[in-house]
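Participant: Take this structure first; my questions come after.
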Amino acid sequence: MDGTINWAQLSEVEKLKYDSNFLRGTLVESIANPITGALTESDTHISKFHGFYQQTDRDLDKERKQQKLEPAYSFLIRLRIPGGVVTPKQWLQLDELADTYANGTLKLTTRQTFQFHGVIKRNLKKTIAGINKTLLDTIATCGDVNRNVMCHANPAESPLYPDVIELANALSLHLLPQTRAYHEIWLDEKLVAGGPAESEPIYGNRYLPRKFKIGIVIPPANDCDIFSQDLGFIAIVENGKIAGYNVVAGGGLGSTFATPGTYPRTGTVIGYCLPGRVVEVAEKILIVQRDNGNRQNRKQARMKYTIDNMGVEKFTAEVQQLLSSQLEKPMEFHFSRTGDNFGWKKGTDNKWHLTFFVEGGRVKNDGEKTLKAALREVAEKTDGHFILTGNQNMIFAAVSEKGKTVIDGILKKHNVAPAQISGLRKNSIACVALPTCPLAFAEAERYLPSLISKIEKILEAKGLFKEEIVIRMTGCPNGCGRPYLAEIGLIGKSPGYYNLYLGGSFEGTRLNNLYRETIDEAEILRELEALFADFAGSRIESERFGDFVIRKNYVKEIKEGKYFRH
Ligand code: SRM
Ligand code: SF4
């Protein structure tokens, strides 16, 4: 053990990381233990770096306790898919894994990847090995490392899409942990442990103080919510080429009720760099966070707090010191939306791309609406591929004219053809929440669709059915559905009760603010009805709902995250 470190001052996870022998922990023993469906407590932390979380089925927790049974333990497995690109062959294999080892659904996440839920311990290795057979993996999708890298999703919207997907892959690869622990444990690679000492040239032996997230956008689309990322790159386009990228640092949304000093923060634009320097810039920023982030209190450990504690100038100066040449002055940019642009669009590649709404990101068969079967059939027959978006939706990409007709037919046959949905539903996100998320205070994914149906009736009555308004719900204040950047944010406080936040911008550039606290469905509907009545009557032409509530003083604009209150 390193005697120079005062472990008593550090969070417990710091020591677990250090003692884990580069992320091995006692995972092999935990997995082999037949007495329980759980891992040891310390392995539940190390497992995250390998891409999976231990969970229980919270719908069953009470009943199992009464029966004196241990909770129904199972695991969430998250994949690493930079930019969310999946081949039809991979889709078919993942679809099959979901049926064989998970709960029969695929969950599209807010970071352009998949999750499997409900994998039991004895199937973990088979599932992870199965994922690897598809040439995908789960490395570093959770834990204190760089997570799945997001990028602009829609090839039809920009001919520069190939540049950003390539960059997303390069960043993801460059910032992967170097340990062979994953390959040893899940893919039976020959043991390195006990052999020559491993090292993590970028992360060191305690990895980062906390998770780290990167996104890349091509304006005017802000489909990765760039201001929510620890590190964002905004493409600056000149003469049809990406001339460089603005660098945005210190976004992050997690916060905790009744815990002052925790808050969502929008990232700060700290400079500009040429395309060829993005990977270097990302590495050096990550290193400044590695060395200056708070390792005592995990609630203060994200880079947004490091930046606020150091001050933007000092933080940027430290980054500049590590770089081979200075960041330049940021360039002008303009965003028009955070949400996805639905429907078929023809790209400059002369191919068709269909952006397709997947409510709550859940791919499943539900009565007559057999979405999972439909996507399976699309994967069997398409001449294109799939792209997952950061809004839990998907794109059937690079399809021929003939392939377009085939896909339309399949979606119709399975009763999931794009329908007339409201502008509100189109722009909705709900995090997973219950029953799998251990941190949820209230429902989100299972509840938001029915709440929207009720809100739609109000919108219709006010002539606002088609109005595009961003609504996002989460079951707790951690912010997985990025509710703090929504025009209407609903954050769970307890079963059936939510805080209502208003005033984010449609473009994802502004935090919202608390409007009503701990209200139930009837109150939510009452409040929204009054707001929509005023909006319909007194909005200025083409004014967005989020801008309207600020102009009319329903809530005050929050200029900096540190002033945010729940
Ligand atoms: Fe998240 C923790 C689900 C995107 C902020 N998140 C969790 C866990 C793993 C709960 C846990 O720690 O045990 C949730 C698992 C629920 C389940 O059963 O699936 C969970 N987060 C999700 C997903 C699946 C939500 C979704 O419905 O799509 C998203 C997976 C993304 C991915 O593929 O990697 C997801 N989480 C986010 C985002 C949005 C984003 O990254 O764009 C955020 C806000 C941005 C940010 O990081 O600041 C987010 N998740 C958190 C936090 C708060 C972190 C903080 O700084 O305080 C936690 C709790 C924690 O880390 O302690 C958390
Ligand atoms: Fe769970 Fe909260 Fe994240 Fe929703 S926001 S998935 S309830 S941690």
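Chain identifiers are assigned as A, B, and so on, following the order in which chains appear in the structure tokens; residues are numbered from 1 within each chain, and ligands are numbered from 1 in order of appearance.
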Give me, as a ChimeraX atom specification, all polymer residues having an atom no more than 12 Å from A:His566, counting only C-alpha atoms and skipping those fewer than 2 positions away in the same chain.
Facilitator: /A:254-264,476-478,484,489-493,498-501,512-518,561-564
Participant: What residues of the protein or nucleic acid chains come within 6 Å of ligand 2 when you use only C-alpha atoms and all ligand atoms? Reply as a count of residues only.
Facilitator: 13
Participant: Which residues are close to A:Thr105, i.e. within 8 Å by only C-alpha atoms, leaving aside same-chain residues fewer than 4 positions away? Reply as a list of chain:residue names.
Facilitator: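 Final neighbour list, sorted by chain and number: A:Asp95, A:Ala98, A:Asp99, A:Phe116, A:His117, A:Arg362, A:Val363, A:Lys364, A:Lys372.
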Participant: Given the selection you just returned, output its residues as a file containing N, CA, C and O atoms, formatted as a compact mmCIF listing (two decimals), in the first residue's frame.
Facilitator:
```txt
# COMPACT_ATOMS: atom_id res chain seq x y z
N ASP A 95 -30.24 -8.48 -29.82
CA ASP A 95 -31.66 -8.81 -29.63
C ASP A 95 -31.79 -10.22 -29.04
O ASP A 95 -32.57 -10.46 -28.12
N ALA A 98 -30.67 -10.34 -25.41
CA ALA A 98 -31.70 -9.77 -24.52
C ALA A 98 -32.72 -10.83 -24.16
O ALA A 98 -33.19 -10.90 -23.02
N ASP A 99 -33.07 -11.69 -25.12
CA ASP A 99 -34.05 -12.75 -24.84
C ASP A 99 -33.44 -13.88 -24.04
O ASP A 99 -34.06 -14.45 -23.15
N PHE A 116 -28.78 -3.83 -21.07
CA PHE A 116 -29.58 -5.01 -20.76
C PHE A 116 -29.94 -4.90 -19.29
O PHE A 116 -29.10 -4.54 -18.46
N HIS A 117 -31.16 -5.23 -18.93
CA HIS A 117 -31.56 -5.30 -17.53
C HIS A 117 -31.90 -6.75 -17.17
O HIS A 117 -32.34 -7.52 -18.04
N ARG A 362 -37.34 2.30 -24.77
CA ARG A 362 -37.49 0.88 -24.43
C ARG A 362 -37.94 0.09 -25.66
O ARG A 362 -39.02 0.29 -26.18
N VAL A 363 -37.09 -0.81 -26.11
CA VAL A 363 -37.43 -1.66 -27.25
C VAL A 363 -38.03 -2.96 -26.70
O VAL A 363 -37.34 -3.78 -26.09
N LYS A 364 -39.34 -3.11 -26.90
CA LYS A 364 -40.02 -4.30 -26.39
C LYS A 364 -41.25 -4.58 -27.25
O LYS A 364 -41.69 -3.71 -28.02
N LYS A 372 -40.02 -4.65 -30.87
CA LYS A 372 -38.78 -5.43 -30.86
C LYS A 372 -38.73 -6.36 -32.07
O LYS A 372 -37.70 -6.46 -32.75
```
Participant: Could you give me, as an NGL selection string, every polymer residue with an atom at most 7 Å away from an atom of ligand 1, counting only C-alpha atoms and all ligand atoms?
Facilitator: :A and (53 or 76 or 78 or 108-115 or 141-142 or 147-148 or 213 or 228-229 or 251-255 or 299 or 302 or 392 or 430-433 or 436-439 or 478-482)
Participant: Contacts of A:Ala536 at 9 Å or less, counting only C-alpha atoms, minus same-chain residues fewer than 4 places along, as a PyMOL selection string?
Facilitator: chain A and resi 462-464+531-532
Participant: Excluding A:Ala221 and residues on its chain fewer than 4 positions from it, collect all residues at most 8 Å away from it, counting only C-alpha atoms, and give them as a list in words.
Facilitator: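 Near neighbours after the sequence-gap exclusion: His152, Val217, Phe335, Ser336, Arg337 and Thr338 of chain A.
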Participant: Save out the residues we just selected, C-alpha atoms, as a compact mmCIF listing (two decimals), in the first residue's frame.
Facilitator:
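That gives us result-v3.txt:
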```txt
# COMPACT_ATOMS: atom_id res chain seq x y z
CA HIS A 152 -23.95 14.13 -33.52
CA VAL A 217 -21.97 18.26 -31.73
CA PHE A 335 -27.89 25.99 -31.82
CA SER A 336 -31.47 25.45 -32.91
CA ARG A 337 -32.56 22.33 -30.99
CA THR A 338 -31.58 19.52 -28.63
```
Participant: Choose the residue, out of A:Thr355, A:Ser199, A:Thr40, A:Ser422, that has the smallest atom-to-atom separation from A:Phe396; count only C-alpha atoms.
Facilitator: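 Comparing A:Thr355, A:Ser199, A:Thr40, A:Ser422 against A:Phe396, the winner is A:Thr355.
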Participant: So which residues touch stretch 126-140 of chain A within 6 Å, counting only C-alpha atoms, skipping near sequence neighbours fewer than 6 positions away, as a list in words?
Facilitator: Phe49, His50, Gly51, Arg78, Leu79, Arg80, Gln90 and Arg147 of chain A
Participant: Take the selection from the previous step and output its residues with N, CA and C atoms, as a PDB file, in the first residue's frame.
Facilitator:
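The new file selection-v3.pdb reads:
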```pdb
ATOM      1  N   PHE A  49     -16.634  -0.512 -13.579  1.00  0.00           N
ATOM      2  CA  PHE A  49     -15.606  -0.242 -14.603  1.00  0.00           C
ATOM      3  C   PHE A  49     -15.675  -1.275 -15.742  1.00  0.00           C
ATOM      4  N   HIS A  50     -16.284  -2.435 -15.428  1.00  0.00           N
ATOM      5  CA  HIS A  50     -16.432  -3.481 -16.451  1.00  0.00           C
ATOM      6  C   HIS A  50     -17.766  -3.341 -17.182  1.00  0.00           C
ATOM      7  N   GLY A  51     -18.574  -2.368 -16.751  1.00  0.00           N
ATOM      8  CA  GLY A  51     -19.808  -2.079 -17.481  1.00  0.00           C
ATOM      9  C   GLY A  51     -21.076  -2.663 -16.896  1.00  0.00           C
ATOM     10  N   ARG A  78     -24.183  -2.351 -19.512  1.00  0.00           N
ATOM     11  CA  ARG A  78     -24.194  -1.197 -20.429  1.00  0.00           C
ATOM     12  C   ARG A  78     -23.096  -1.363 -21.472  1.00  0.00           C
ATOM     13  N   LEU A  79     -23.417  -1.127 -22.718  1.00  0.00           N
ATOM     14  CA  LEU A  79     -22.429  -1.316 -23.791  1.00  0.00           C
ATOM     15  C   LEU A  79     -21.675  -0.029 -24.119  1.00  0.00           C
ATOM     16  N   ARG A  80     -20.490  -0.225 -24.704  1.00  0.00           N
ATOM     17  CA  ARG A  80     -19.713   0.920 -25.199  1.00  0.00           C
ATOM     18  C   ARG A  80     -19.904   0.982 -26.710  1.00  0.00           C
ATOM     19  N   GLN A  90     -25.017  -6.954 -35.629  1.00  0.00           N
ATOM     20  CA  GLN A  90     -24.872  -6.747 -34.178  1.00  0.00           C
ATOM     21  C   GLN A  90     -26.241  -6.629 -33.530  1.00  0.00           C
ATOM     22  N   ARG A 147     -16.671   7.770 -20.050  1.00  0.00           N
ATOM     23  CA  ARG A 147     -17.799   6.889 -20.414  1.00  0.00           C
ATOM     24  C   ARG A 147     -18.026   6.869 -21.930  1.00  0.00           C
TER      25      ARG A 147
END
```
Participant: Just list the residues in stretch 244-337 of chain A DSSP gives strand (DSSP E or B) on the backbone, as a PyMOL selection string.
Facilitator: chain A and resi 244-249+252+265+268-273+328+337
Participant: Would you mind exporting the chosen residues as a short mmCIF file (atom, residue, chain, number, x, y, z; two decimals), in the first residue's frame, restricted to all heavy atoms?
Facilitator:
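Output contents, as saved in out21.cif:
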```
data_model
loop_
_atom_site.label_atom_id
_atom_site.label_comp_id
_atom_site.auth_asym_id
_atom_site.auth_seq_id
_atom_site.Cartn_x
_atom_site.Cartn_y
_atom_site.Cartn_z
N GLY A 244 -12.38 23.52 -36.87
CA GLY A 244 -11.89 23.27 -35.51
C GLY A 244 -13.07 23.05 -34.58
O GLY A 244 -14.20 22.93 -35.03
N TYR A 245 -12.76 23.02 -33.30
CA TYR A 245 -13.81 22.76 -32.31
C TYR A 245 -13.69 23.74 -31.14
O TYR A 245 -12.58 23.94 -30.61
CB TYR A 245 -13.67 21.35 -31.74
CG TYR A 245 -14.00 20.26 -32.72
CD1 TYR A 245 -13.02 19.73 -33.55
CD2 TYR A 245 -15.29 19.74 -32.80
CE1 TYR A 245 -13.31 18.71 -34.46
CE2 TYR A 245 -15.60 18.72 -33.71
CZ TYR A 245 -14.62 18.21 -34.52
OH TYR A 245 -14.92 17.21 -35.41
N ASN A 246 -14.82 24.31 -30.73
CA ASN A 246 -14.85 24.99 -29.44
C ASN A 246 -14.81 23.94 -28.34
O ASN A 246 -15.43 22.88 -28.47
CB ASN A 246 -16.15 25.80 -29.28
CG ASN A 246 -16.05 27.16 -29.95
OD1 ASN A 246 -14.99 27.56 -30.42
ND2 ASN A 246 -17.16 27.86 -29.99
N VAL A 247 -14.12 24.25 -27.27
CA VAL A 247 -13.97 23.31 -26.16
C VAL A 247 -14.84 23.80 -25.00
O VAL A 247 -14.71 24.93 -24.55
CB VAL A 247 -12.48 23.26 -25.71
CG1 VAL A 247 -12.30 22.26 -24.59
CG2 VAL A 247 -11.58 22.94 -26.89
N VAL A 248 -15.75 22.93 -24.54
CA VAL A 248 -16.68 23.29 -23.46
C VAL A 248 -16.36 22.39 -22.27
O VAL A 248 -16.40 21.17 -22.40
CB VAL A 248 -18.14 23.03 -23.87
CG1 VAL A 248 -19.10 23.62 -22.85
CG2 VAL A 248 -18.43 23.56 -25.25
N ALA A 249 -16.08 22.97 -21.12
CA ALA A 249 -15.69 22.13 -19.98
C ALA A 249 -16.57 22.40 -18.77
O ALA A 249 -17.00 23.53 -18.53
CB ALA A 249 -14.23 22.42 -19.61
N GLY A 252 -22.44 19.18 -16.18
CA GLY A 252 -22.78 18.02 -15.35
C GLY A 252 -24.09 18.33 -14.67
O GLY A 252 -24.36 19.48 -14.34
N ARG A 265 -24.77 22.03 -13.60
CA ARG A 265 -23.98 23.15 -14.13
C ARG A 265 -23.88 23.01 -15.65
O ARG A 265 -23.64 21.90 -16.15
CB ARG A 265 -22.58 23.13 -13.52
CG ARG A 265 -21.66 24.28 -13.96
CD ARG A 265 -20.26 24.08 -13.36
NE ARG A 265 -19.41 25.26 -13.52
CZ ARG A 265 -18.78 25.60 -14.64
NH1 ARG A 265 -18.91 24.85 -15.73
NH2 ARG A 265 -18.02 26.68 -14.67
N THR A 268 -18.63 25.50 -19.56
CA THR A 268 -18.11 26.82 -19.95
C THR A 268 -17.24 26.65 -21.21
O THR A 268 -16.41 25.73 -21.27
CB THR A 268 -17.18 27.35 -18.82
OG1 THR A 268 -17.89 27.24 -17.59
CG2 THR A 268 -16.77 28.80 -19.05
N VAL A 269 -17.45 27.54 -22.18
CA VAL A 269 -16.62 27.47 -23.39
C VAL A 269 -15.26 28.06 -23.04
O VAL A 269 -15.15 29.24 -22.71
CB VAL A 269 -17.27 28.25 -24.56
CG1 VAL A 269 -16.41 28.13 -25.83
CG2 VAL A 269 -18.68 27.75 -24.83
N ILE A 270 -14.20 27.22 -23.05
CA ILE A 270 -12.89 27.71 -22.58
C ILE A 270 -11.90 27.95 -23.71
O ILE A 270 -10.81 28.47 -23.47
CB ILE A 270 -12.25 26.76 -21.53
CG1 ILE A 270 -12.00 25.38 -22.13
CG2 ILE A 270 -13.09 26.68 -20.27
CD1 ILE A 270 -11.08 24.51 -21.29
N GLY A 271 -12.25 27.60 -24.94
CA GLY A 271 -11.28 27.85 -26.00
C GLY A 271 -11.66 27.14 -27.29
O GLY A 271 -12.80 26.67 -27.44
N TYR A 272 -10.71 27.07 -28.18
CA TYR A 272 -10.93 26.51 -29.53
C TYR A 272 -9.66 25.77 -29.93
O TYR A 272 -8.56 26.20 -29.58
CB TYR A 272 -11.20 27.66 -30.50
CG TYR A 272 -11.20 27.32 -31.97
CD1 TYR A 272 -12.36 26.87 -32.58
CD2 TYR A 272 -10.04 27.46 -32.75
CE1 TYR A 272 -12.37 26.57 -33.95
CE2 TYR A 272 -10.05 27.16 -34.11
CZ TYR A 272 -11.22 26.71 -34.70
OH TYR A 272 -11.23 26.42 -36.03
N CYS A 273 -9.83 24.65 -30.63
CA CYS A 273 -8.61 23.95 -31.10
C CYS A 273 -8.85 23.36 -32.49
O CYS A 273 -9.99 23.17 -32.90
CB CYS A 273 -8.22 22.85 -30.12
SG CYS A 273 -9.37 21.48 -30.08
N GLU A 328 -7.05 28.34 -28.58
CA GLU A 328 -7.30 29.68 -29.14
C GLU A 328 -8.64 30.22 -28.65
O GLU A 328 -9.36 29.55 -27.92
CB GLU A 328 -7.29 29.58 -30.67
CG GLU A 328 -5.91 29.23 -31.20
CD GLU A 328 -5.98 28.72 -32.63
OE1 GLU A 328 -6.72 29.33 -33.43
OE2 GLU A 328 -5.32 27.71 -32.92
N ARG A 337 -31.75 23.33 -31.69
CA ARG A 337 -32.56 22.33 -30.99
C ARG A 337 -31.68 21.32 -30.27
O ARG A 337 -30.51 21.14 -30.61
CB ARG A 337 -33.48 21.59 -31.97
CG ARG A 337 -32.72 20.83 -33.07
CD ARG A 337 -33.67 20.22 -34.09
NE ARG A 337 -34.69 19.41 -33.46
CZ ARG A 337 -35.99 19.54 -33.71
NH1 ARG A 337 -36.41 20.40 -34.59
NH2 ARG A 337 -36.86 18.76 -33.11
#
```
Participant: If you run DSSP on this backbone, which residues of stretch 289-520 of chain A come out as alpha helix (DSSP H), and could you give them as number ranges by chain?
Facilitator: A: 289-292, 303-310, 312-322, 371-381, 401-413, 423-426, 448-461
Participant: List the spatial neighbours of A:Asp349 as a list in words - criterion: any atom at most 10 Å away, only C-alpha atoms, same-chain residues fewer than 5 positions off excluded.
Facilitator: Pro155, Ala156, Ser158, Pro159 and Ala398 of chain A
Participant: Kindly export the residues of the current selection with C-alpha atoms, as a CSV table (one decimal), in the first residue's frame.
Facilitator:
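So out.csv came out as:
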```
chain,number,residue,atom,x,y,z
A,155,PRO,CA,-25.9,11.7,-41.0
A,156,ALA,CA,-28.7,13.3,-43.0
A,158,SER,CA,-24.6,17.1,-41.9
A,159,PRO,CA,-22.2,15.9,-44.6
A,398,ALA,CA,-27.9,4.9,-45.0
```
